[in-house]
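Text of entry.txt (compact mmCIF, C-alpha atoms) as supplied:
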```
# COMPACT_ATOMS: atom_id res chain seq x y z
CA MET A 252 9.25 21.75 -30.46
CA ILE A 253 10.94 23.75 -27.74
CA ARG A 254 14.65 24.08 -28.31
CA ASN A 255 16.90 24.13 -25.28
CA GLY A 256 18.39 27.46 -26.18
CA ARG A 257 21.88 28.60 -25.22
CA VAL A 258 24.59 27.11 -23.09
CA TYR A 259 25.34 29.10 -19.95
CA GLU A 260 28.55 28.67 -17.97
CA VAL A 261 28.11 28.54 -14.21
CA PHE A 262 30.54 30.05 -11.70
CA ALA A 263 30.28 30.01 -7.92
CA ARG A 264 32.20 30.59 -4.72
CA LYS A 265 31.60 29.33 -1.20
CA LYS A 266 32.94 32.32 0.71
CA ARG A 267 33.38 36.00 0.01
CA ALA A 268 37.15 35.52 0.28
CA ASP A 269 37.13 32.74 -2.36
CA ARG A 270 37.67 33.16 -6.05
CA PHE A 271 34.89 32.14 -8.38
CA GLU A 272 35.14 28.52 -9.48
CA HIS A 273 33.84 27.28 -12.82
CA VAL A 274 31.39 24.61 -11.65
CA GLY A 275 29.75 23.57 -14.92
CA ALA A 276 27.20 24.54 -17.52
CA VAL A 277 23.48 24.38 -18.22
CA SER A 278 21.37 24.70 -21.36
CA ALA A 279 18.44 27.04 -21.02
CA PRO A 280 15.97 28.93 -23.23
CA ASN A 281 16.60 32.21 -21.39
CA GLU A 282 18.66 33.79 -18.62
CA GLN A 283 15.93 33.46 -16.00
CA LEU A 284 15.78 29.69 -16.49
CA ALA A 285 19.58 29.49 -16.69
CA ARG A 286 19.75 30.99 -13.19
CA VAL A 287 17.18 28.50 -11.86
CA TYR A 288 18.83 25.52 -13.54
CA ALA A 289 22.29 26.51 -12.36
CA TRP A 290 21.16 26.91 -8.77
CA GLN A 291 19.23 23.64 -8.70
CA THR A 292 21.74 21.56 -10.68
CA TYR A 293 24.95 22.59 -8.94
CA ASP A 294 23.61 22.44 -5.40
CA GLU A 295 26.47 20.41 -3.94
CA ALA A 296 27.65 23.33 -1.78
CA LYS A 297 26.04 26.11 0.21
CA TRP A 298 27.24 28.78 -2.22
CA PHE A 299 27.85 32.33 -1.06
CA GLU A 300 27.49 33.56 -4.63
CA MET A 301 26.69 32.05 -8.01
CA THR A 302 26.61 33.62 -11.45
CA VAL A 303 25.88 32.51 -15.01
CA ALA A 304 26.89 33.87 -18.41
CA PRO A 305 26.15 32.66 -21.93
CA ARG A 306 29.07 30.65 -23.28
CA ASP A 307 29.05 32.72 -26.46
CA ALA A 308 29.72 35.85 -24.40
CA PHE A 309 33.27 34.59 -23.73
CA ALA A 310 36.02 35.53 -26.14
CA ALA A 311 38.97 33.25 -26.80
CA VAL A 312 42.28 34.89 -25.97
CA ASN A 313 45.14 32.58 -26.98
CA ARG A 314 43.44 29.76 -28.90
CA PRO A 315 41.29 29.78 -31.97
CA GLN A 316 38.72 27.38 -30.49
CA ALA A 317 35.68 28.68 -28.63
CA PRO A 318 36.17 28.76 -24.85
CA PHE A 319 34.88 25.80 -22.78
CA THR A 320 34.86 23.46 -25.80
CA LEU A 321 38.35 21.95 -25.53
CA GLY A 322 37.61 19.41 -22.79
CA GLY A 323 40.14 18.53 -20.14
CA SER A 324 39.69 20.08 -16.74
CA GLY A 325 38.54 23.50 -17.89
CA GLY A 326 35.39 22.95 -15.88
CA ARG A 327 34.29 20.09 -13.68
CA ALA A 328 31.24 19.22 -15.74
CA SER A 329 31.92 18.66 -19.39
CA ALA A 330 30.25 21.70 -20.81
CA ASP A 331 28.53 19.98 -23.68
CA SER A 332 25.58 21.44 -25.48
CA ARG A 333 22.71 19.04 -25.41
CA MET B 217 2.35 50.72 19.69
CA THR B 218 4.11 47.47 18.97
CA GLU B 219 1.80 44.50 19.26
CA SER B 220 3.28 41.70 21.28
CA GLY B 221 3.87 38.32 19.70
CA PHE B 222 2.66 34.85 20.60
CA ARG B 223 5.31 32.27 21.40
CA SER B 224 3.06 29.24 21.15
CA ALA B 225 -0.41 28.21 20.02
CA ALA B 226 -1.53 28.07 23.64
CA ASP B 227 -1.00 31.85 23.91
CA LEU B 228 -3.27 32.63 20.95
CA PRO B 229 -6.64 34.27 21.66
CA GLU B 230 -9.80 32.19 21.74
CA GLY B 231 -10.91 31.23 18.23
CA VAL B 232 -7.66 32.26 16.56
CA SER B 233 -5.76 29.06 17.24
CA GLY B 234 -8.20 26.85 15.31
CA HIS B 235 -8.20 29.20 12.33
CA LEU B 236 -4.41 29.32 12.18
CA ALA B 237 -4.13 25.53 12.49
CA ASN B 238 -6.60 25.24 9.62
CA LEU B 239 -4.55 27.59 7.46
CA ILE B 240 -1.27 25.79 8.23
CA LEU B 241 -2.89 22.43 7.44
CA ALA B 242 -4.20 23.78 4.13
CA LEU B 243 -0.75 25.09 3.22
CA ALA B 244 0.86 21.78 4.23
CA ASP B 245 -1.61 19.70 2.20
CA ASN B 246 -1.20 21.92 -0.84
CA LYS B 247 2.56 21.62 -0.66
CA ARG B 248 2.48 17.86 -0.19
CA LEU B 249 0.23 17.43 -3.24
CA LEU B 250 2.13 20.00 -5.30
CA GLY B 251 5.33 18.08 -4.57
CA ILE B 252 3.77 15.02 -6.20
CA ARG B 253 2.78 17.03 -9.26
CA TYR B 254 6.34 18.36 -9.56
CA SER B 255 7.79 14.86 -9.16
CA ASP B 256 5.56 13.59 -11.99
CA TRP B 257 7.59 15.68 -14.44
CA ILE B 258 11.12 14.79 -13.35
CA LEU B 259 11.43 12.35 -16.24
CA GLY B 260 9.01 13.97 -18.67
CA ALA B 261 10.15 17.58 -18.65
CA PRO B 262 11.23 19.27 -21.91
CA SER B 263 14.94 19.13 -21.01
CA VAL B 264 17.26 17.42 -18.56
CA GLU B 265 17.70 20.74 -16.76
CA ALA B 266 13.94 21.22 -16.43
CA GLY B 267 13.67 17.68 -15.02
CA ILE B 268 16.32 18.48 -12.42
CA ALA B 269 14.39 21.65 -11.57
CA CYS B 270 11.20 19.60 -11.09
CA SER B 271 13.10 17.24 -8.81
CA ALA B 272 14.48 20.13 -6.75
CA MET B 273 11.07 21.79 -6.51
CA ALA B 274 9.44 18.50 -5.48
CA GLN B 275 11.99 18.12 -2.70
CA ASP B 276 11.41 21.70 -1.60
CA GLU B 277 7.64 21.21 -1.43
CA TRP B 278 7.88 17.97 0.52
CA GLY B 279 10.33 19.59 2.91
CA HIS B 280 7.99 22.53 3.42
CA ALA B 281 5.03 20.21 3.98
CA ARG B 282 6.98 18.17 6.51
CA ILE B 283 7.88 21.31 8.49
CA LEU B 284 4.29 22.56 8.42
CA TYR B 285 2.78 19.25 9.55
CA ALA B 286 5.32 19.19 12.40
CA MET B 287 4.28 22.72 13.41
CA LEU B 288 0.74 21.50 13.98
CA ARG B 289 1.95 19.55 16.99
CA ASP B 290 1.90 22.90 18.82
CA PHE B 291 -1.85 23.03 18.06
CA GLY B 292 -2.53 19.61 19.56
CA HIS B 293 -2.46 17.61 16.32
CA ASP B 294 -0.51 14.41 15.73
CA PRO B 295 1.56 15.05 12.56
CA SER B 296 1.79 11.34 11.82
CA VAL B 297 -1.99 11.01 11.71
CA LEU B 298 -2.23 14.10 9.50
CA GLU B 299 0.36 12.74 7.10
CA HIS B 300 -0.75 9.12 6.84
CA GLU B 301 -4.22 8.52 8.20
CA ARG B 302 -6.67 10.87 6.55
CA ALA B 303 -9.35 10.19 3.94
CA SER B 304 -9.51 12.15 0.70
CA ASP B 305 -12.31 14.43 1.87
CA GLU B 306 -10.27 15.44 4.91
CA TYR B 307 -7.58 17.08 2.78
CA HIS B 308 -7.40 20.87 2.68
CA SER B 309 -5.69 21.09 -0.71
CA SER B 310 -6.91 22.95 -3.76
CA GLU B 311 -9.09 21.17 -6.29
CA LEU B 312 -6.33 22.02 -8.78
CA LEU B 313 -4.21 19.30 -7.21
CA ASP B 314 -6.81 16.52 -7.04
CA ARG B 315 -5.42 14.69 -10.08
CA ASP B 316 -2.32 14.70 -12.23
CA VAL B 317 -1.95 17.17 -15.06
CA ALA B 318 -1.78 16.15 -18.70
CA SER B 319 0.55 18.70 -20.25
CA TRP B 320 3.56 20.90 -19.57
CA GLU B 321 1.32 23.97 -19.92
CA GLU B 322 -1.04 22.65 -17.22
CA PHE B 323 2.02 21.91 -15.12
CA LEU B 324 3.12 25.53 -15.57
CA ALA B 325 -0.28 26.74 -14.38
CA LEU B 326 0.41 24.91 -11.11
CA ASN B 327 4.05 26.03 -11.00
CA PHE B 328 3.49 29.69 -11.81
CA LEU B 329 -0.08 30.47 -10.73
CA TRP B 330 -0.84 28.17 -7.82
CA ASP B 331 2.63 27.86 -6.30
CA THR B 332 2.80 31.67 -6.30
CA ALA B 333 -0.63 31.81 -4.67
CA LEU B 334 0.75 29.63 -1.89
CA SER B 335 3.87 31.78 -1.57
CA VAL B 336 1.70 34.88 -1.23
CA GLN B 337 -0.08 33.22 1.68
CA PHE B 338 3.31 32.61 3.29
CA GLU B 339 4.32 36.22 2.63
CA MET B 340 1.29 37.16 4.73
CA LEU B 341 2.88 35.24 7.62
CA VAL B 342 6.36 36.81 7.48
CA GLU B 343 5.64 39.28 10.26
CA SER B 344 3.01 37.18 11.96
CA ARG B 345 2.42 37.70 15.67
CA TYR B 346 2.63 33.90 15.85
CA GLU B 347 6.41 33.88 16.23
CA PRO B 348 7.32 30.19 15.82
CA ILE B 349 6.55 30.46 12.12
CA HIS B 350 8.91 33.35 11.34
CA TYR B 351 12.21 31.65 10.55
CA LYS B 352 10.56 28.79 8.69
CA VAL B 353 8.57 31.12 6.45
CA ARG B 354 11.61 33.20 5.55
CA LYS B 355 13.64 30.13 4.56
CA LEU B 356 10.75 28.70 2.58
CA LEU B 357 10.22 31.93 0.65
CA GLU B 358 13.91 32.04 -0.29
CA GLU B 359 13.51 28.64 -1.97
CA GLU B 360 10.23 29.62 -3.57
CA ARG B 361 11.91 32.50 -5.40
CA PHE B 362 13.36 29.89 -7.76
CA HIS B 363 9.98 28.22 -8.26
CA PHE B 364 8.57 31.57 -9.34
CA ASP B 365 11.50 32.16 -11.69
CA HIS B 366 11.08 28.69 -13.15
CA GLY B 367 7.39 29.31 -13.81
CA GLN B 368 7.97 32.77 -15.19
CA GLY B 369 10.99 31.71 -17.26
CA TRP B 370 9.07 28.88 -18.91
CA THR B 371 5.99 30.99 -19.38
CA SER B 372 7.91 33.66 -21.26
CA ARG B 373 9.59 30.93 -23.30
CA LEU B 374 6.20 29.52 -24.35
CA LEU B 375 4.72 32.94 -25.01
CA SER B 376 7.41 33.49 -27.61
CA ALA B 377 7.06 30.04 -29.20
CA GLU B 378 4.78 29.20 -32.07
CA GLY B 379 1.55 27.76 -30.69
CA GLY B 380 2.85 28.24 -27.17
CA ARG B 381 0.70 31.22 -26.33
CA ALA B 382 -2.61 29.52 -27.20
CA ALA B 383 -1.76 26.36 -25.25
CA LEU B 384 -0.62 28.39 -22.27
CA ALA B 385 -3.71 30.63 -22.37
CA GLU B 386 -5.94 27.56 -22.31
CA ALA B 387 -4.10 25.97 -19.38
CA PHE B 388 -3.89 29.21 -17.38
CA GLY B 389 -7.54 29.94 -18.14
CA ALA B 390 -8.57 26.53 -16.80
CA ALA B 391 -6.68 27.06 -13.52
CA TRP B 392 -7.43 30.77 -13.07
CA ASN B 393 -10.76 30.56 -11.27
CA ALA B 394 -9.54 28.03 -8.71
CA CYS B 395 -6.53 30.27 -8.00
CA LEU B 396 -8.66 33.41 -7.64
CA ARG B 397 -11.05 31.84 -5.15
CA GLY B 398 -8.25 29.86 -3.47
CA PHE B 399 -7.68 32.76 -1.09
CA GLY B 400 -11.27 32.50 0.10
CA PRO B 401 -14.17 34.91 -0.38
CA ASP B 402 -13.71 38.57 0.56
CA ASP B 403 -15.68 37.98 3.76
CA ASP B 404 -13.77 34.79 4.59
CA PRO B 405 -14.00 34.55 8.41
CA LEU B 406 -10.71 32.64 8.64
CA SER B 407 -8.42 35.16 7.01
CA GLY B 408 -10.50 38.07 8.35
CA THR B 409 -10.03 36.88 11.93
CA LEU B 410 -6.35 36.09 11.42
CA ALA B 411 -5.74 39.51 9.85
CA ALA B 412 -7.60 41.29 12.65
CA HIS B 413 -5.27 39.66 15.19
CA GLY B 414 -2.07 40.34 13.26
CA ILE B 415 -1.48 36.65 12.53
CA VAL B 416 -1.57 37.33 8.78
CA ARG B 417 -0.81 40.71 7.25
CA ARG B 418 -3.83 40.96 4.97
CA ASP B 419 -7.23 39.31 4.60
CA ALA B 420 -8.41 37.21 1.64
CA ALA B 421 -9.04 40.21 -0.64
CA GLY B 422 -5.65 41.69 0.24
CA ALA B 423 -3.84 38.42 -0.42
CA ARG B 424 -5.64 38.00 -3.75
CA ALA B 425 -4.60 41.53 -4.74
CA ARG B 426 -0.99 40.76 -3.85
CA TRP B 427 -1.13 37.57 -5.96
CA LEU B 428 -2.49 39.53 -8.93
CA GLU B 429 0.35 42.01 -8.50
CA ARG B 430 2.85 39.14 -8.79
CA VAL B 431 1.32 37.08 -11.61
CA GLY B 432 -0.58 39.90 -13.35
CA PRO B 433 2.13 41.09 -15.77
CA VAL B 434 2.48 37.55 -17.15
CA ALA B 435 -1.22 36.62 -16.91
CA ALA B 436 -2.01 39.76 -18.91
CA GLU B 437 -0.28 38.11 -21.86
CA THR B 438 -3.01 35.47 -21.80
CA GLY B 439 -5.85 37.97 -21.27
CA LEU B 440 -6.52 36.98 -17.66
CA ALA B 441 -5.33 40.14 -15.92
CA ARG B 442 -4.88 43.81 -16.70
CA ASP B 443 -3.04 46.78 -15.29
CA ALA B 444 -5.61 49.09 -13.70
CA GLY B 445 -3.08 51.80 -12.92
CA SER B 446 -2.53 51.44 -9.20
CA GLU B 447 -3.11 47.68 -9.17
CA TRP B 448 -3.40 44.56 -11.27
CA VAL B 449 -6.91 43.18 -11.60
CA SER B 450 -8.42 39.96 -12.91
CA THR B 451 -10.45 40.26 -16.09
CA ARG B 452 -12.76 37.59 -14.69
CA GLU B 453 -14.74 37.55 -11.47
CA PRO B 454 -14.25 34.43 -9.34
CA VAL B 455 -17.06 31.92 -9.80
CA TRP B 456 -18.17 29.93 -6.77
CA GLU B 457 -19.75 26.70 -7.98
CA ASP B 458 -20.10 25.22 -4.52
CA ARG B 459 -19.90 26.92 -1.18
CA TRP B 460 -16.44 27.75 0.17
CA LEU B 461 -15.56 24.87 2.43
CA LEU B 462 -13.80 25.07 5.76
CA ARG B 463 -11.17 22.92 4.04
CA ARG B 464 -10.00 25.96 2.01
CA ARG B 465 -11.45 24.70 -1.29
CA ALA B 466 -14.65 25.28 -3.23
CA VAL B 467 -15.24 21.76 -4.52
CA GLU B 468 -16.32 18.74 -2.48
CA GLY B 469 -14.14 15.64 -2.54
CA GLY B 470 -10.37 15.63 -2.53
CA PRO B 471 -7.32 14.03 -4.11
CA ASP B 472 -8.15 11.04 -6.36
CA ASP B 473 -7.29 7.48 -5.28
CA ASP B 474 -3.86 7.42 -6.88
CA SER B 475 -2.89 10.82 -5.48
CA LEU B 476 -4.18 9.90 -2.03
CA ALA B 477 -2.22 6.63 -1.97
CA ARG B 478 0.95 8.47 -2.94
CA VAL B 479 0.44 11.41 -0.63
CA ARG B 480 -0.13 9.15 2.39
CA GLY B 481 2.61 6.69 1.49
CA ASP B 482 0.18 3.75 1.37
CA ARG B 483 2.53 1.44 -0.53
CA ASN B 484 5.08 1.45 2.25
CA ARG B 485 2.65 1.76 5.10
CA GLU B 486 4.00 -1.32 6.89
CA LEU B 487 7.44 0.33 7.00
CA LEU B 488 6.23 3.41 8.83
CA MET B 489 8.05 3.89 12.09
CA ASP B 490 7.41 6.18 15.00
```
Show me, as structure tokens, the structure contained in the file I just sent.
Amino acid sequence: MIRNGRVYEVFARKKRADRFEHVGAVSAPNEQLARVYAWQTYDEAKWFEMTVAPRDAFAAVNRPQAPFTLGGSGGRASADSR
Amino acid sequence: MTESGFRSAADLPEGVSGHLANLILALADNKRLLGIRYSDWILGAPSVEAGIACSAMAQDEWGHARILYAMLRDFGHDPSVLEHERASDEYHSSELLDRDVASWEEFLALNFLWDTALSVQFEMLVESRYEPIHYKVRKLLEEERFHFDHGQGWTSRLLSAEGGRAALAEAFGAAWNACLRGFGPDDDPLSGTLAAHGIVRRDAAGARARWLERVGPVAAETGLARDAGSEWVSTREPVWEDRWLLRRRAVEGGPDDDSLARVRGDRNRELLMD
């Protein structure tokens, strides 16, 4: 059984002048596949730049809950772990 | 001295045009068939994300094939006939793609080994003296970077999984020979002639060496390649069961009935429009 691995948060921007936007998340067994999955899943725009980071690399600042797990409009795709 | 380029097939020297058309057709057929193999796994991949990747790669391959078939118009071919009217034994695709694959490991052999072998052949065309192909090849190789990463990412995942290494070694081992000889024999007149005229950067042996450089570090994990210091080499010599055919394959025949029907679009043939 191959487990899906970690959840990676995906950020992208359309132009150099833009700020990064949190566009969603992917589950992947490693960073190399996370990059591929992010690029091929969130292909709705011609991105100038895209980046991924493991969700567990983010530290909560003002809330006790882990980042990206509270729902609402924190990211367009609900960043669920499958 | 800078060698001048060729703006169209009509400008190519005698004998070169046919060889280049043959190579482009082989690359187009391989991509069309590979697209089907990718699409077969959209719903059966190990995760939703991997399924989406298969879908994206299938679309890429079909897009590449479409562009390549269209390029053959410059060589006097009718792309519509090439895409929809040929028999199985007129296809120039690798024997690796003749039928569907049974496992994710076999799929990865196509994704990592054979798709990379095709990309290497496109790399050889990046600075081709046949200029119309330049922009298309660059764009295609940008997309192929993600196919390589997908293959390599999954391969390293399986290599670290229990039982994964053995299954991968078996699947890679089964595809290895066809990949090795897929560039043609060292004295292949097609790539030799094209290299001599600056249409491709290196001949068959040179392209094979480049492929080993790209897949070698991973293939070494399955015992198929080793680092020989200045270059990566195969631990096995290519075996030529049949003669190397003009159709860029070493085995007679072609895609099986199901693959052929899908590749030509037989089911919707009556809907084909000019």
Requested in this report: Compute the set of chain A residues within 6 Å of chain B, using all atoms listed in the file, and express it as a VMD selection string.
Outcome: chain A and resid 283 to 284 287 to 288 291
Requested in this report: Go through B:Ala420, B:Ala318, B:Leu356, B:Val342 one by one, measure the shortest atom-to-atom distance of each to Asp276 of chain B using only C-alpha atoms, and give the residue with the smallest value.
Outcome: B:Leu356
Report summary line: One residue among B:Ala242, B:Leu488, B:Leu284, B:Ala387 is nearest to Pro348 of chain B when using only C-alpha atoms, and that residue is B:Leu284
**Report entry** Within-7 Å shell of (29.6, 29.7, 3.2) in input frame, all atoms listed in the file, as a ChimeraX atom specification
**Finding:** /A:265-266,297-299
Taking every listed atom of segment 313-319 of chain A and adding 8 Å to each side, what centre and edge lengths in Å (one decimal) does the axis-aligned box have, as JSON?
```
{"center_x": 40.0, "center_y": 29.2, "center_z": -27.4, "size_x": 26.3, "size_y": 22.8, "size_z": 25.2}
```
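Among the candidates A:Val258, A:Ala285, A:Met301, A:Ala296, the one nearest to Arg270 of chain A when counting all atoms listed in the file is A:Met301.
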Query - Residues within 12 Å of Asp402 of chain B, all atoms listed in the file, excluding chain neighbours under 3 positions, as JSON, numbers by chain - result: {"B": [396, 397, 398, 399, 405, 406, 407, 408, 418, 419, 420, 421, 422, 423, 424, 425, 454, 460]}
From the structure block, carefully write segment 258-322 of chain A out with C-alpha atoms; format it as a PDB file, in the first residue's frame.
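Dumped everything to decode24.pdb:
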```
ATOM      1  CA  VAL A 258      -0.078  17.676   2.404  1.00  0.00           C
ATOM      2  CA  TYR A 259       1.643  20.497   0.540  1.00  0.00           C
ATOM      3  CA  GLU A 260       0.194  24.002   0.339  1.00  0.00           C
ATOM      4  CA  VAL A 261       0.370  25.614  -3.086  1.00  0.00           C
ATOM      5  CA  PHE A 262       1.025  29.313  -3.700  1.00  0.00           C
ATOM      6  CA  ALA A 263       1.229  31.105  -7.032  1.00  0.00           C
ATOM      7  CA  ARG A 264       1.218  34.506  -8.677  1.00  0.00           C
ATOM      8  CA  LYS A 265       0.386  35.547 -12.213  1.00  0.00           C
ATOM      9  CA  LYS A 266       2.790  38.465 -12.535  1.00  0.00           C
ATOM     10  CA  ARG A 267       6.047  39.464 -10.927  1.00  0.00           C
ATOM     11  CA  ALA A 268       4.288  42.490  -9.422  1.00  0.00           C
ATOM     12  CA  ASP A 269       1.593  40.300  -7.806  1.00  0.00           C
ATOM     13  CA  ARG A 270       1.662  38.883  -4.333  1.00  0.00           C
ATOM     14  CA  PHE A 271       1.583  35.137  -3.936  1.00  0.00           C
ATOM     15  CA  GLU A 272      -1.933  33.748  -3.673  1.00  0.00           C
ATOM     16  CA  HIS A 273      -2.767  30.587  -1.743  1.00  0.00           C
ATOM     17  CA  VAL A 274      -4.355  28.510  -4.510  1.00  0.00           C
ATOM     18  CA  GLY A 275      -4.881  25.172  -2.766  1.00  0.00           C
ATOM     19  CA  ALA A 276      -3.184  22.014  -1.592  1.00  0.00           C
ATOM     20  CA  VAL A 277      -2.062  18.618  -2.851  1.00  0.00           C
ATOM     21  CA  SER A 278      -1.138  15.359  -1.155  1.00  0.00           C
ATOM     22  CA  ALA A 279       2.095  13.836  -2.359  1.00  0.00           C
ATOM     23  CA  PRO A 280       4.642  11.212  -1.284  1.00  0.00           C
ATOM     24  CA  ASN A 281       7.561  13.604  -1.817  1.00  0.00           C
ATOM     25  CA  GLU A 282       8.421  17.160  -2.819  1.00  0.00           C
ATOM     26  CA  GLN A 283       9.174  16.283  -6.432  1.00  0.00           C
ATOM     27  CA  LEU A 284       5.678  14.857  -6.907  1.00  0.00           C
ATOM     28  CA  ALA A 285       4.149  17.731  -4.937  1.00  0.00           C
ATOM     29  CA  ARG A 286       5.630  20.143  -7.490  1.00  0.00           C
ATOM     30  CA  VAL A 287       4.255  18.108 -10.410  1.00  0.00           C
ATOM     31  CA  TYR A 288       0.819  17.704  -8.831  1.00  0.00           C
ATOM     32  CA  ALA A 289       0.574  21.378  -7.924  1.00  0.00           C
ATOM     33  CA  TRP A 290       1.490  22.496 -11.427  1.00  0.00           C
ATOM     34  CA  GLN A 291      -0.892  20.083 -13.130  1.00  0.00           C
ATOM     35  CA  THR A 292      -3.797  20.453 -10.690  1.00  0.00           C
ATOM     36  CA  TYR A 293      -3.887  24.239 -10.373  1.00  0.00           C
ATOM     37  CA  ASP A 294      -3.425  25.008 -14.058  1.00  0.00           C
ATOM     38  CA  GLU A 295      -6.268  27.511 -14.339  1.00  0.00           C
ATOM     39  CA  ALA A 296      -3.868  30.414 -14.954  1.00  0.00           C
ATOM     40  CA  LYS A 297      -0.624  30.953 -16.814  1.00  0.00           C
ATOM     41  CA  TRP A 298       1.361  31.359 -13.602  1.00  0.00           C
ATOM     42  CA  PHE A 299       4.512  33.456 -13.515  1.00  0.00           C
ATOM     43  CA  GLU A 300       5.647  31.607 -10.399  1.00  0.00           C
ATOM     44  CA  MET A 301       4.385  28.751  -8.257  1.00  0.00           C
ATOM     45  CA  THR A 302       5.756  27.296  -5.049  1.00  0.00           C
ATOM     46  CA  VAL A 303       4.831  24.505  -2.631  1.00  0.00           C
ATOM     47  CA  ALA A 304       5.617  23.887   1.028  1.00  0.00           C
ATOM     48  CA  PRO A 305       4.608  21.084   3.386  1.00  0.00           C
ATOM     49  CA  ARG A 306       1.656  22.144   5.518  1.00  0.00           C
ATOM     50  CA  ASP A 307       3.475  21.008   8.646  1.00  0.00           C
ATOM     51  CA  ALA A 308       6.248  23.513   7.907  1.00  0.00           C
ATOM     52  CA  PHE A 309       3.859  26.357   8.794  1.00  0.00           C
ATOM     53  CA  ALA A 310       3.681  27.536  12.379  1.00  0.00           C
ATOM     54  CA  ALA A 311       0.484  28.912  13.871  1.00  0.00           C
ATOM     55  CA  VAL A 312       0.893  32.455  15.143  1.00  0.00           C
ATOM     56  CA  ASN A 313      -2.309  33.567  16.886  1.00  0.00           C
ATOM     57  CA  ARG A 314      -4.425  30.405  17.073  1.00  0.00           C
ATOM     58  CA  PRO A 315      -3.777  27.057  18.629  1.00  0.00           C
ATOM     59  CA  GLN A 316      -5.063  25.121  15.603  1.00  0.00           C
ATOM     60  CA  ALA A 317      -2.711  24.034  12.828  1.00  0.00           C
ATOM     61  CA  PRO A 318      -2.662  26.461   9.884  1.00  0.00           C
ATOM     62  CA  PHE A 319      -4.898  25.708   6.868  1.00  0.00           C
ATOM     63  CA  THR A 320      -7.199  23.436   8.897  1.00  0.00           C
ATOM     64  CA  LEU A 321      -9.823  25.954  10.047  1.00  0.00           C
ATOM     65  CA  GLY A 322     -11.839  26.113   6.818  1.00  0.00           C
TER      66      GLY A 322
END
```
